[in-house]
Each structure stands twice: as C-alpha cells, then as structure tokens.
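Undergrad: This is the content of structure-v9.cif (mmCIF, C-alpha atoms):
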```
data_data
#
loop_
_atom_site.label_atom_id
_atom_site.label_comp_id
_atom_site.auth_asym_id
_atom_site.auth_seq_id
_atom_site.Cartn_x
_atom_site.Cartn_y
_atom_site.Cartn_z
CA MET W 1 8.87 9.16 15.56
CA SER W 2 6.74 10.68 18.30
CA ARG W 3 3.00 10.33 18.12
CA ARG W 4 0.96 13.48 17.52
CA PRO W 5 -1.56 14.57 20.15
CA ALA W 6 -5.15 13.73 19.31
CA PRO W 7 -7.06 16.57 17.69
CA ALA W 8 -9.43 18.53 19.87
CA HIS W 9 -12.28 18.29 17.38
CA ASP W 10 -14.29 15.28 16.34
CA ALA W 11 -13.10 13.45 13.22
CA PRO W 12 -15.29 14.07 10.16
CA ALA W 13 -18.11 11.58 9.85
CA TYR W 14 -18.15 9.08 7.00
CA ASP W 15 -21.15 7.50 5.38
CA ALA W 16 -21.11 3.76 5.90
CA PRO W 17 -23.17 2.12 3.15
CA ALA W 18 -25.27 -0.94 3.74
CA TYR W 19 -23.34 -4.18 3.53
CA ASP W 20 -23.53 -7.76 4.74
CA ALA W 21 -20.59 -8.46 7.01
CA PRO W 22 -20.17 -10.51 10.16
CA ALA W 23 -19.74 -8.68 13.43
CA TYR W 24 -16.58 -9.37 15.39
CA ASP W 25 -15.99 -8.97 19.10
CA ALA W 26 -13.04 -6.84 20.11
CA PRO W 27 -10.11 -8.91 21.43
CA ALA W 28 -10.26 -9.62 25.16
CA TYR W 29 -6.50 -8.99 25.60
CA ASP W 30 -4.26 -5.97 25.52
CA ALA W 31 -3.59 -5.42 21.83
CA PRO W 32 0.11 -5.22 20.94
CA ALA W 33 1.46 -1.91 19.67
CA TYR W 34 2.75 -2.54 16.15
CA ASP W 35 5.11 -0.17 14.40
CA VAL W 36 3.23 -0.52 11.11
CA LEU W 37 -0.20 -1.88 10.22
CA VAL W 38 -1.12 -2.37 6.56
CA LEU W 39 -4.79 -2.41 5.61
CA GLY W 40 -5.87 -3.69 2.23
CA GLU W 41 -5.96 -6.46 -0.31
CA VAL W 42 -3.83 -9.56 -0.73
CA LEU W 43 -3.91 -11.42 -4.03
CA VAL W 44 -2.89 -14.66 -5.63
CA GLU W 45 -0.38 -13.76 -8.33
CA ILE W 46 -0.09 -15.83 -11.51
CA HIS W 47 3.05 -14.96 -13.42
CA ALA W 48 2.92 -15.86 -17.13
CA GLY W 49 6.05 -16.90 -18.93
CA THR W 50 5.32 -14.58 -21.86
CA THR W 51 3.58 -11.30 -22.57
CA LEU W 52 -0.15 -11.57 -21.98
CA ARG W 53 -1.09 -10.83 -25.60
CA GLU W 54 1.11 -13.72 -26.68
CA ALA W 55 -0.14 -16.24 -24.11
CA THR W 56 -1.28 -19.46 -25.77
CA ASP W 57 -2.53 -22.86 -24.71
CA GLY W 58 0.30 -24.39 -22.71
CA THR W 59 2.04 -21.12 -21.75
CA PRO W 60 3.89 -21.85 -18.48
CA ALA W 61 3.06 -19.83 -15.36
CA ARG W 62 3.98 -19.74 -11.70
CA ILE W 63 1.97 -18.88 -8.61
CA SER W 64 3.08 -16.42 -5.96
CA TYR W 65 1.36 -13.97 -3.61
CA SER W 66 1.13 -10.21 -3.78
CA GLY W 67 -1.35 -7.34 -3.65
CA ASP W 68 -0.32 -3.84 -2.64
CA ALA W 69 -1.02 -4.47 1.05
CA LEU W 70 1.18 -7.58 1.22
CA ASN W 71 3.92 -5.89 -0.82
CA ALA W 72 4.02 -2.88 1.51
CA ALA W 73 3.79 -5.01 4.65
CA ALA W 74 6.68 -7.22 3.53
CA ALA W 75 8.80 -4.14 2.84
CA ALA W 76 7.99 -2.61 6.23
CA ALA W 77 8.91 -5.82 8.01
CA ALA W 78 12.16 -6.09 6.07
CA ALA W 79 12.98 -2.51 7.06
CA GLY W 80 12.84 -3.49 10.72
CA ALA W 81 9.29 -2.57 11.73
CA ARG W 82 7.03 -4.84 13.70
CA THR W 83 4.34 -5.22 11.06
CA ALA W 84 0.88 -6.77 10.89
CA LEU W 85 -1.49 -7.28 8.00
CA LEU W 86 -5.13 -6.24 8.34
CA ALA W 87 -6.99 -7.96 5.53
CA VAL W 88 -9.71 -10.45 4.68
CA VAL W 89 -8.70 -13.66 2.92
CA GLY W 90 -10.84 -16.40 1.46
CA ASP W 91 -11.75 -19.93 2.31
CA ASP W 92 -10.24 -21.56 -0.76
CA GLU W 93 -7.23 -23.87 -0.83
CA LEU W 94 -4.79 -21.06 -1.60
CA SER W 95 -5.43 -19.21 1.67
CA THR W 96 -3.04 -21.40 3.65
CA PRO W 97 -0.01 -20.92 1.37
CA LEU W 98 -0.89 -17.23 1.01
CA LEU W 99 -0.74 -16.67 4.77
CA ARG W 100 2.31 -18.90 5.06
CA ARG W 101 4.11 -16.72 2.52
CA ALA W 102 3.19 -13.56 4.44
CA THR W 103 4.59 -15.11 7.61
CA GLU W 104 7.79 -16.08 5.79
CA LEU W 105 8.13 -12.41 4.85
CA GLY W 106 8.04 -11.41 8.51
CA VAL W 107 4.46 -10.13 8.55
CA ASP W 108 2.15 -10.96 11.47
CA VAL W 109 -1.08 -12.47 10.10
CA ALA W 110 -2.72 -13.16 13.46
CA HIS W 111 -5.36 -10.49 12.85
CA VAL W 112 -6.31 -11.46 9.30
CA ARG W 113 -10.00 -12.30 8.94
CA ARG W 114 -11.64 -15.02 6.82
CA ALA W 115 -14.64 -14.79 4.51
CA PRO W 116 -16.54 -17.52 2.62
CA HIS W 117 -15.35 -16.18 -0.73
CA PRO W 118 -12.45 -16.96 -3.07
CA ASN W 119 -9.26 -14.97 -2.89
CA GLY W 120 -8.74 -12.34 -5.55
CA ALA W 121 -6.16 -13.13 -8.21
CA TYR W 122 -4.34 -11.49 -11.07
CA LEU W 123 -2.33 -12.53 -14.09
CA LEU W 124 0.76 -10.61 -15.20
CA SER W 125 3.85 -10.96 -17.32
CA ALA W 126 7.43 -9.79 -16.72
CA ASP W 127 7.32 -6.02 -16.48
CA THR W 128 10.34 -3.73 -16.12
CA ASP W 129 8.48 -0.48 -16.76
CA GLY W 130 5.66 -0.66 -14.22
CA ASP W 131 2.96 -1.42 -16.82
CA ARG W 132 -0.41 -1.61 -15.04
CA ALA W 133 -2.33 -3.56 -17.74
CA PHE W 134 -2.73 -6.70 -15.66
CA VAL W 135 -5.70 -9.10 -15.77
CA TYR W 136 -7.57 -9.25 -12.44
CA TRP W 137 -10.27 -11.50 -10.96
CA ARG W 138 -11.82 -9.65 -8.03
CA THR W 139 -15.61 -9.90 -8.31
CA ARG W 140 -17.01 -11.00 -4.93
CA SER W 141 -13.50 -11.72 -3.68
CA ALA W 142 -12.77 -12.13 0.01
CA GLY W 143 -10.81 -8.88 -0.02
CA SER W 144 -13.81 -6.94 -1.26
CA THR W 145 -15.77 -7.90 1.88
CA LEU W 146 -13.54 -5.68 4.04
CA ALA W 147 -15.94 -3.56 6.10
CA PRO W 148 -16.19 -1.23 9.12
CA ALA W 149 -17.08 -4.25 11.28
CA HIS W 150 -13.56 -5.56 10.65
CA VAL W 151 -12.06 -2.18 11.49
CA ASP W 152 -13.99 -2.14 14.75
CA SER W 153 -12.47 -5.51 15.64
CA TRP W 154 -9.02 -3.99 15.03
CA ARG W 155 -9.76 -0.79 16.98
CA GLU W 156 -7.20 -1.43 19.74
CA LEU W 157 -4.51 -2.23 17.19
CA LEU W 158 -5.24 0.89 15.14
CA THR W 159 -5.27 3.25 18.09
CA ARG W 160 -1.93 1.94 19.39
CA CYS W 161 0.06 1.56 16.16
CA GLY W 162 2.88 3.80 15.02
CA ALA W 163 1.56 4.02 11.46
CA LEU W 164 -1.09 2.73 9.10
CA VAL W 165 -0.49 2.15 5.39
CA THR W 166 -3.49 1.88 3.09
CA SER W 167 -4.42 2.75 -0.48
CA GLY W 168 -7.02 3.73 -3.01
CA ILE W 169 -7.14 0.14 -4.19
CA ALA W 170 -8.50 -1.00 -0.84
CA GLY W 171 -10.95 1.88 -0.94
CA ALA W 172 -12.19 0.96 -4.42
CA LEU W 173 -12.94 -2.73 -3.94
CA SER W 174 -16.49 -2.19 -2.66
CA PRO W 175 -18.60 0.38 -0.81
CA SER W 176 -17.93 -1.43 2.47
CA SER W 177 -14.16 -1.50 1.91
CA ARG W 178 -14.20 2.21 1.14
CA ALA W 179 -15.99 2.87 4.44
CA ALA W 180 -13.48 0.62 6.20
CA VAL W 181 -10.50 2.55 4.83
CA LEU W 182 -11.99 5.84 5.99
CA ALA W 183 -12.88 4.46 9.41
CA ALA W 184 -9.37 3.07 9.94
CA ALA W 185 -7.75 6.30 8.77
CA HIS W 186 -9.82 8.35 11.21
CA LEU W 187 -8.99 6.01 14.08
CA VAL W 188 -5.25 6.22 13.50
CA HIS W 189 -5.25 9.96 12.91
CA GLY W 190 -7.44 10.59 15.94
CA ALA W 191 -5.06 8.57 18.14
CA GLY W 192 -2.06 10.58 16.94
CA GLY W 193 -0.61 7.92 14.64
CA HIS W 194 0.92 8.39 11.21
CA LEU W 195 -1.06 7.60 8.05
CA THR W 196 0.54 6.78 4.70
CA TYR W 197 -1.80 6.72 1.71
CA ASP W 198 -1.20 5.77 -1.91
CA PRO W 199 -4.11 6.67 -4.24
CA ASN W 200 -3.01 3.88 -6.63
CA PHE W 201 -5.65 4.83 -9.18
CA ARG W 202 -6.87 1.92 -11.30
CA SER W 203 -9.32 2.84 -14.04
CA ARG W 204 -10.59 -0.75 -14.29
CA LEU W 205 -11.45 -0.72 -10.60
CA THR W 206 -12.95 2.71 -9.97
CA GLY W 207 -13.95 5.93 -11.69
CA ARG W 208 -12.10 9.21 -11.42
CA ALA W 209 -14.92 10.94 -9.53
CA GLU W 210 -15.04 8.22 -6.87
CA ALA W 211 -11.26 8.14 -6.49
CA ARG W 212 -11.11 11.93 -6.18
CA GLU W 213 -13.84 11.98 -3.55
CA LEU W 214 -12.02 9.38 -1.45
CA LEU W 215 -8.75 11.26 -1.88
CA ALA W 216 -10.32 14.53 -0.74
CA ARG W 217 -11.57 12.89 2.44
CA ILE W 218 -8.40 11.03 3.33
CA ALA W 219 -5.66 13.48 2.27
CA PRO W 220 -6.11 15.76 5.31
CA LEU W 221 -5.39 12.78 7.57
CA THR W 222 -2.13 11.73 5.90
CA GLY W 223 1.41 12.28 7.08
CA LEU W 224 2.75 10.91 3.78
CA LEU W 225 0.90 10.66 0.49
CA LYS W 226 2.79 8.65 -2.11
CA THR W 227 1.58 9.00 -5.68
CA SER W 228 2.71 8.64 -9.29
CA CYS W 229 3.00 11.05 -12.17
CA PRO W 230 1.59 11.05 -14.74
CA ALA W 231 -0.68 8.06 -13.93
CA ASP W 232 -2.26 9.13 -10.64
CA ALA W 233 -1.67 12.85 -11.16
CA LEU W 234 -3.53 13.11 -14.45
CA ALA W 235 -6.51 11.15 -13.17
CA LEU W 236 -6.78 12.80 -9.76
CA VAL W 237 -5.39 16.35 -9.96
CA ASP W 238 -5.38 17.06 -13.71
CA THR W 239 -1.68 17.52 -14.34
CA ALA W 240 1.31 15.66 -15.77
CA ASP W 241 3.81 17.94 -14.03
CA PRO W 242 5.24 16.47 -10.81
CA HIS W 243 5.73 19.86 -9.11
CA THR W 244 2.16 20.90 -9.82
CA ALA W 245 0.88 17.50 -8.74
CA ALA W 246 2.70 17.70 -5.41
CA ALA W 247 1.33 21.18 -4.77
CA ARG W 248 -2.23 20.09 -5.57
CA PHE W 249 -2.04 17.01 -3.36
CA ARG W 250 -0.71 19.13 -0.52
CA ALA W 251 -3.49 21.65 -1.10
CA LEU W 252 -5.92 18.80 -0.36
CA GLY W 253 -4.34 18.54 3.10
CA ALA W 254 -1.52 15.98 2.80
CA ARG W 255 1.41 16.96 5.02
CA THR W 256 4.14 15.45 2.82
CA VAL W 257 3.84 14.25 -0.78
CA ALA W 258 6.20 11.88 -2.60
CA VAL W 259 5.69 11.74 -6.36
CA THR W 260 7.34 8.97 -8.37
CA ALA W 261 8.14 10.48 -11.76
CA GLY W 262 9.64 7.63 -13.78
CA ALA W 263 12.02 4.89 -12.72
CA ASP W 264 14.91 7.20 -11.85
CA ARG W 265 13.55 10.11 -9.82
CA LEU W 266 11.20 11.00 -7.02
CA LEU W 267 9.90 14.45 -6.10
CA LEU W 268 9.44 15.15 -2.39
CA ASP W 269 7.37 18.10 -1.13
CA ASP W 270 7.20 18.48 2.66
CA GLY W 271 5.73 21.96 2.67
CA THR W 272 9.06 23.67 3.28
CA ARG W 273 11.05 22.38 0.33
CA THR W 274 10.32 20.67 -2.97
CA ALA W 275 13.17 18.74 -4.54
CA TYR W 276 13.93 15.75 -6.73
CA HIS W 277 15.62 12.75 -5.13
CA PRO W 278 17.49 10.57 -7.64
CA VAL W 279 16.65 6.88 -7.37
CA PRO W 280 19.46 4.30 -7.47
CA VAL W 281 19.42 2.52 -10.83
CA ASN W 282 19.06 -1.24 -10.89
CA PRO W 283 21.36 -2.39 -13.71
CA ALA W 284 19.41 -5.59 -14.37
CA PRO W 285 15.69 -5.01 -13.72
CA VAL W 286 13.43 -8.04 -13.94
CA ASP W 287 9.97 -6.82 -12.94
CA ALA W 288 8.85 -3.45 -11.53
CA THR W 289 5.63 -4.86 -10.03
CA GLY W 290 5.31 -3.70 -6.43
CA ALA W 291 8.25 -1.28 -6.48
CA GLY W 292 6.03 1.62 -5.39
CA ASP W 293 4.59 -0.49 -2.57
CA CYS W 294 8.12 -1.38 -1.48
CA PHE W 295 8.98 2.33 -1.32
CA THR W 296 5.84 3.06 0.69
CA GLY W 297 6.35 0.25 3.21
CA THR W 298 10.06 0.92 3.68
CA THR W 299 9.72 4.68 4.03
CA THR W 300 6.85 4.41 6.50
CA ALA W 301 8.70 1.84 8.60
CA ARG W 302 11.83 3.98 8.83
CA LEU W 303 9.82 7.07 9.78
CA VAL W 304 8.16 5.18 12.63
CA LEU W 305 11.53 3.81 13.74
CA GLY W 306 12.84 7.37 14.11
CA ASP W 307 14.66 8.20 10.88
CA THR W 308 14.44 11.66 9.37
CA LEU W 309 12.22 12.12 6.35
CA ALA W 310 15.26 12.45 4.08
CA ASP W 311 16.83 9.25 5.40
CA ALA W 312 13.55 7.34 5.27
CA VAL W 313 13.00 8.37 1.65
CA ALA W 314 16.58 7.40 0.76
CA TYR W 315 15.99 3.95 2.20
CA GLY W 316 12.63 3.74 0.45
CA THR W 317 14.06 4.52 -2.98
CA ALA W 318 16.95 2.10 -2.46
CA ALA W 319 14.61 -0.71 -1.43
CA ALA W 320 12.32 -0.04 -4.38
CA SER W 321 15.27 -0.20 -6.76
CA LEU W 322 16.46 -3.50 -5.31
CA SER W 323 12.95 -4.97 -5.38
CA VAL W 324 12.78 -4.98 -9.19
CA SER W 325 15.37 -7.78 -9.22
CA GLY W 326 12.62 -10.35 -8.60
CA HIS W 327 9.46 -11.49 -10.34
CA GLY W 328 6.17 -10.20 -8.97
CA GLY W 329 5.22 -8.05 -6.02
CA THR W 330 7.10 -10.04 -3.38
CA GLY W 331 9.59 -11.81 -5.62
CA HIS W 332 12.49 -9.93 -4.09
CA VAL W 333 12.05 -8.11 -0.79
CA PRO W 334 15.50 -6.71 0.03
CA ALA W 335 17.03 -7.17 3.46
CA PHE W 336 17.56 -3.86 5.24
CA THR W 337 21.33 -4.38 5.30
CA ASP W 338 21.28 -4.38 1.49
CA THR W 339 18.92 -1.41 1.38
CA ALA W 340 21.08 0.63 3.75
CA ALA W 341 24.26 -0.25 1.84
CA LEU W 342 22.78 0.84 -1.49
CA ALA W 343 21.39 4.06 0.02
CA ALA W 344 24.80 4.91 1.47
CA ALA W 345 26.62 4.14 -1.78
CA HIS W 346 24.13 6.17 -3.77
CA ARG W 347 24.54 9.17 -1.47
CA ALA W 348 28.32 8.92 -1.72
CA ARG W 349 28.14 8.98 -5.52
CA ALA W 350 25.69 11.87 -5.49
#
```
As structure tokens, what does this structure read like?
TA:
Amino acid sequence: MSRRPAPAHDAPAYDAPAYDAPAYDAPAYDAPAYDVLVLGEVLVEIHAGTTLREATDGTPARISYSGDALNAAAAAAAAGARTALLAVVGDDELSTPLLRRATELGVDVAHVRRAPHPNGAYLLSADTDGDRAFVYWRTRSAGSTLAPAHVDSWRELLTRCGALVTSGIAGALSPSSRAAVLAAAHLVHGAGGHLTYDPNFRSRLTGRAEARELLARIAPLTGLLKTSCPADALALVDTADPHTAAARFRALGARTVAVTAGADRLLLDDGTRTAYHPVPVNPAPVDATGAGDCFTGTTTARLVLGDTLADAVAYGTAAASLSVSGHGGTGHVPAFTDTAALAAAHRARA
C-alpha cells in the first residue's frame, strides 16, 4: 500500500486538556518503520468459569491478557505485519507476564511506557454472541494515563508507520487519552499513513455526546472505519440499518466503512460500492470476545502489506471467524496460513 502525500493544509487543532503526565525525550536513534502501530489499552483478563450472574464463592477463573489494542496488535502480527504496541502499562506484578504474552504473540513492546498505577482489568464469562456486559476495573488505571506527552515520544514511529489502529475505547479512558488519540491520528494522517478507527462505543465508559464528538473529529482522517450495527450505529449515527449507518459514517469523512451486522455478515462501503460480505461460519464457537479487533488488525495489516481491499477484508473476516475458537481476546489468534486457507475455501464455496 503506497503512502498518501501529506496534505497541503495544517491538520485541525485539538484541545489538549490539563493532565499530569511525565515528559519523555524523543528517541536518539532512527525509529524503525513499522507496518502497523496499535495505540490503546491493554487489560488483564479474568475469565470466569460460569456466567457472571451465577458466579459464587469458589467459582474458578483463569487469567489471560487482552484489551482491544492487544487483540488488534496480535492479529496484525499474525497476518504478517511488523507490529508494535503503543500503550501505557502499570507497575504491578502482572505487568511482566502481560508484556511477555504480547511478545509471545509477535508484538513489539519496546515502546510501551510505564506508569505508577495498576493495570486495568476486566471479568468476563464464555461468550459466543459478542455480549458486551463485562465487569471492568479501570479507575486510575495505567492505561488511562495515556497522554499527548507519550504521543510526542512516539512521533518518529507514528510518522514512519504504514498504519495506525486505534479506537473509541482509548479515546474514552480519560481527557488526556482522548487528546493522545487525536494527536496520534493527526500525526499519521499528516505523514500520509493509513488510519483505522473503531468507535467501539461503551456506554459504561463514555456518553453518546462525547463519543460522537470524538468520532466527528477523527472520521475525516480514517482510511478504514470499522463499526458495529446496531450497537455502535444506534448510539453514534441513530440507525439500526447497516446501509444507512455506513452512509452516515462516510458522510462524516471516513473513506471506507466496514459494518459488522451480526456474526455472519459484514457490509463494506468504499464510496463506489456497498455490498455485504458473508463471514465464514465457525461451527464450534467458544467465545466471540475480540473477534472485531481480530478483523480490524488483520484487515489493516493486509492493506499495508499490499492486498486489495476485497482481499484484506476476506482475510479479516476469516481470521475473526477462527478467533472465536478460543477463550478471551487473545485465546486463539489464528496463524495466517489458516486464515488464508479459510478465506480461499469460503470464496470457493461462495
């Protein structure tokens, strides 16, 4: 994928609210050019052995690591992209295994920052339908300290990357993280890179007005906006119809919009054609957590690596389908050989 020329005009200014964050010096070396950078939140994931409403004293659980940024980064790396995580993690005992897990998934964590706060965490149960009613602990988390000062320390990385993936979750964690998301998006767009954005609306994390305002400012910078219908669409563009949602997101300035509309179909609107793309069916789903992030990371990676939009989306939907075979956001990150084989088989059947 060729990089776009930088725009002739100045990027729109953003209002950076007051925050307390350490200043970082820019690296004194030539920053490597990554295919994909993922900016956002990583979380400790606690997987309950029963539905949350039935959890009792003694209910077994297992720890893993997730968060939409880690999920997307793992998928991008698995799809063949040189991928790095841009995030802030805590100083608690779980930070070491968290970063070790990211490294095992093929994600470069050399640029991750530390903060004297605990890592965010969430509790979930097995979920085959993408239910978003999880229990989160995020107040004063390390991830919420993400700020423009961090983005400035990553400036060379952001201006040399092929693509940046970020989301409305990262933008909703705190005023400083919102400013950081906007600053990073402007840097990548201004340098001619590709931006993928997922609004990922969470009513327990942000209000509709705030999410819409962030969307309006970031949509014009995006090469791909991935969203869901009806969840995101109802909250952000007042419709439960995927076609109408895609049109309204594009009217905000997004170049291409991918709308997940249930487990078995995805609507793609690139401005010249709007069509449904059937999603390969996983015959034995275990947990749909992170499937949308897997689509986003895989599709973005394949676009940067030179695939057509149609091929990249086919790989993205195949990877997302395979990902639901594991528990949690990174329970099963499919190898690209498996993703490509399923995409090819699905096309042959279609």
Undergrad: So which residues get picked by the PyMOL selection byres ((chain W and resi 292) around 9) here, written as a list in words?
TA: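 Checking the PyMOL selection byres ((chain W and resi 292) around 9) against this file, the residues are Asp68, Ala72, Lys226, Thr227, Ser228, Thr260, Ala288, Thr289, Gly290, Ala291, Asp293, Cys294, Phe295, Thr296, Gly297, Thr317 and Ala320 of chain W.
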Undergrad: Residues of the last selection are to be written out with C-alpha atoms, as a compact mmCIF listing (two decimals), in the coordinates of the input.
TA:
```txt
# COMPACT_ATOMS: atom_id res chain seq x y z
CA ASP W 68 -0.32 -3.84 -2.64
CA ALA W 72 4.02 -2.88 1.51
CA LYS W 226 2.79 8.65 -2.11
CA THR W 227 1.58 9.00 -5.68
CA SER W 228 2.71 8.64 -9.29
CA THR W 260 7.34 8.97 -8.37
CA ALA W 288 8.85 -3.45 -11.53
CA THR W 289 5.63 -4.86 -10.03
CA GLY W 290 5.31 -3.70 -6.43
CA ALA W 291 8.25 -1.28 -6.48
CA ASP W 293 4.59 -0.49 -2.57
CA CYS W 294 8.12 -1.38 -1.48
CA PHE W 295 8.98 2.33 -1.32
CA THR W 296 5.84 3.06 0.69
CA GLY W 297 6.35 0.25 3.21
CA THR W 317 14.06 4.52 -2.98
CA ALA W 320 12.32 -0.04 -4.38
```
Undergrad: Once the PyMOL selection byres ((chain W and resi 302) around 8) has been applied to the shown file, what residues remain in the selection, as a ChimeraX atom specification?
TA: /W:79-81,298-301,303-307,312,315
Undergrad: Around the point (20.3, 0.9, -12.0) in the file's coordinates, collect all residues with an atom within 8 Å, using all atoms listed in the file, and return them as a list of chain:residue names.
TA: W:Pro280, W:Val281, W:Asn282, W:Pro283, W:Ala284, W:Pro285, W:Ser321
Undergrad: Report as number ranges by chain the residues that result from applying the PyMOL selection byres ((chain W and resi 331) around 10) to the structure here.
TA: W: 64-66, 71, 286-287, 289-290, 323-330, 332-334
Undergrad: Kindly save the residues from that selection, with C-alpha atoms included, as a compact mmCIF listing (two decimals), in the frame of the given file.
TA:
```txt
# COMPACT_ATOMS: atom_id res chain seq x y z
CA SER W 64 3.08 -16.42 -5.96
CA TYR W 65 1.36 -13.97 -3.61
CA SER W 66 1.13 -10.21 -3.78
CA ASN W 71 3.92 -5.89 -0.82
CA VAL W 286 13.43 -8.04 -13.94
CA ASP W 287 9.97 -6.82 -12.94
CA THR W 289 5.63 -4.86 -10.03
CA GLY W 290 5.31 -3.70 -6.43
CA SER W 323 12.95 -4.97 -5.38
CA VAL W 324 12.78 -4.98 -9.19
CA SER W 325 15.37 -7.78 -9.22
CA GLY W 326 12.62 -10.35 -8.60
CA HIS W 327 9.46 -11.49 -10.34
CA GLY W 328 6.17 -10.20 -8.97
CA GLY W 329 5.22 -8.05 -6.02
CA THR W 330 7.10 -10.04 -3.38
CA HIS W 332 12.49 -9.93 -4.09
CA VAL W 333 12.05 -8.11 -0.79
CA PRO W 334 15.50 -6.71 0.03
```
Undergrad: Have a look at CA of Leu158 in chain W and CA of Val181 in chain W and let me know their distance in Å, one decimal.
TA: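 CA of Val181 in chain W lies at a distance of 11.7 Å from CA of Leu158 in chain W.
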Undergrad: If you take all atoms listed in the file and a cut-off of 9 Å, which residues of range 132-192 of chain W touch range 32-39 of chain W, and what are their nearest atom pairs and distances in Å to one decimal, in chain and number order, as JSON lines?
TA:
```
{"residue": "W:Glu156", "atom": "CA", "partner": "W:Pro32", "partner_atom": "CA", "distance": 8.3}
{"residue": "W:Leu157", "atom": "CA", "partner": "W:Ala33", "partner_atom": "CA", "distance": 6.5}
{"residue": "W:Leu158", "atom": "CA", "partner": "W:Leu37", "partner_atom": "CA", "distance": 7.6}
{"residue": "W:Thr159", "atom": "CA", "partner": "W:Ala33", "partner_atom": "CA", "distance": 8.6}
{"residue": "W:Arg160", "atom": "CA", "partner": "W:Ala33", "partner_atom": "CA", "distance": 5.1}
{"residue": "W:Cys161", "atom": "CA", "partner": "W:Tyr34", "partner_atom": "CA", "distance": 4.9}
{"residue": "W:Gly162", "atom": "CA", "partner": "W:Asp35", "partner_atom": "CA", "distance": 4.6}
{"residue": "W:Ala163", "atom": "CA", "partner": "W:Val36", "partner_atom": "CA", "distance": 4.9}
{"residue": "W:Leu164", "atom": "CA", "partner": "W:Leu37", "partner_atom": "CA", "distance": 4.8}
{"residue": "W:Val165", "atom": "CA", "partner": "W:Val38", "partner_atom": "CA", "distance": 4.7}
{"residue": "W:Thr166", "atom": "CA", "partner": "W:Leu39", "partner_atom": "CA", "distance": 5.1}
{"residue": "W:Ser167", "atom": "CA", "partner": "W:Leu39", "partner_atom": "CA", "distance": 8.0}
{"residue": "W:Ala170", "atom": "CA", "partner": "W:Leu39", "partner_atom": "CA", "distance": 7.6}
{"residue": "W:Val181", "atom": "CA", "partner": "W:Leu39", "partner_atom": "CA", "distance": 7.6}
{"residue": "W:Ala184", "atom": "CA", "partner": "W:Leu39", "partner_atom": "CA", "distance": 8.4}
```
Undergrad: Give me the residues within 7 Å of range 109-120 of chain W as a list in words, counting all atoms listed in the file and dropping any in the same chain fewer than 2 places off.
TA: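 Near neighbours after the sequence-gap exclusion: Leu43, Val44, Ala84, Leu85, Leu86, Ala87, Val88, Val89, Gly90, Asp91, Asp92, Leu99, Thr103, Val107, Trp137, Arg138, Arg140, Ser141, Ala142 and Gly143 of chain W.
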Undergrad: Work out how far apart CA of Thr139 in chain W and CA of Leu173 in chain W are and give it in Å to one decimal.
TA: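 Interatomic distance, CA of Thr139 in chain W to CA of Leu173 in chain W: 8.8 Å.
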Undergrad: Find, counting all atoms listed in the file, the residue in W:Asp198, W:Glu93, W:Asp270, W:Glu213 that gets nearest to Ile169 in chain W.
TA: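 Checking each candidate against Ile169 in chain W, we get W:Asp198 as the closest.
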Undergrad: Output: range 268-280 of chain W of the preceding structure, restricted to N, CA, C and O atoms, written as a CSV table (one decimal), in the first residue's frame.
TA:
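Just written: out_16.csv:
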```csv
chain,number,residue,atom,x,y,z
W,268,LEU,N,-19.6,-3.6,3.5
W,268,LEU,CA,-18.5,-2.8,3.2
W,268,LEU,C,-18.9,-1.7,2.2
W,268,LEU,O,-19.5,-2.0,1.2
W,269,ASP,N,-18.6,-0.5,2.6
W,269,ASP,CA,-18.9,0.7,1.7
W,269,ASP,C,-17.6,1.5,1.5
W,269,ASP,O,-17.1,2.1,2.4
W,270,ASP,N,-17.1,1.4,0.2
W,270,ASP,CA,-15.9,2.1,-0.1
W,270,ASP,C,-16.1,3.4,-0.9
W,270,ASP,O,-15.1,4.0,-1.4
W,271,GLY,N,-17.3,3.8,-0.9
W,271,GLY,CA,-17.7,5.0,-1.7
W,271,GLY,C,-18.0,4.8,-3.1
W,271,GLY,O,-18.6,5.7,-3.8
W,272,THR,N,-17.7,3.7,-3.7
W,272,THR,CA,-18.0,3.3,-5.0
W,272,THR,C,-19.0,2.2,-5.1
W,272,THR,O,-19.8,2.0,-6.0
W,273,ARG,N,-19.0,1.4,-4.0
W,273,ARG,CA,-19.9,0.2,-4.0
W,273,ARG,C,-20.2,-0.2,-2.5
W,273,ARG,O,-19.3,-0.1,-1.7
W,274,THR,N,-21.4,-0.6,-2.3
W,274,THR,CA,-21.8,-1.0,-1.0
W,274,THR,C,-22.4,-2.4,-1.1
W,274,THR,O,-23.3,-2.7,-1.9
W,275,ALA,N,-21.7,-3.4,-0.4
W,275,ALA,CA,-22.2,-4.8,-0.5
W,275,ALA,C,-21.9,-5.6,0.7
W,275,ALA,O,-20.9,-5.3,1.5
W,276,TYR,N,-22.7,-6.6,0.9
W,276,TYR,CA,-22.5,-7.5,2.1
W,276,TYR,C,-21.4,-8.5,1.7
W,276,TYR,O,-21.4,-9.0,0.6
W,277,HIS,N,-20.6,-8.8,2.6
W,277,HIS,CA,-19.6,-9.9,2.5
W,277,HIS,C,-19.9,-11.0,3.5
W,277,HIS,O,-19.8,-10.7,4.7
W,278,PRO,N,-20.3,-12.2,3.1
W,278,PRO,CA,-20.6,-13.2,4.1
W,278,PRO,C,-19.3,-13.6,4.8
W,278,PRO,O,-18.2,-13.6,4.3
W,279,VAL,N,-19.5,-13.9,6.1
W,279,VAL,CA,-18.4,-14.2,7.0
W,279,VAL,C,-18.4,-15.8,7.2
W,279,VAL,O,-19.5,-16.4,7.4
W,280,PRO,N,-17.2,-16.4,7.1
W,280,PRO,CA,-17.2,-17.8,7.3
W,280,PRO,C,-17.7,-18.2,8.7
W,280,PRO,O,-17.4,-17.5,9.6
```
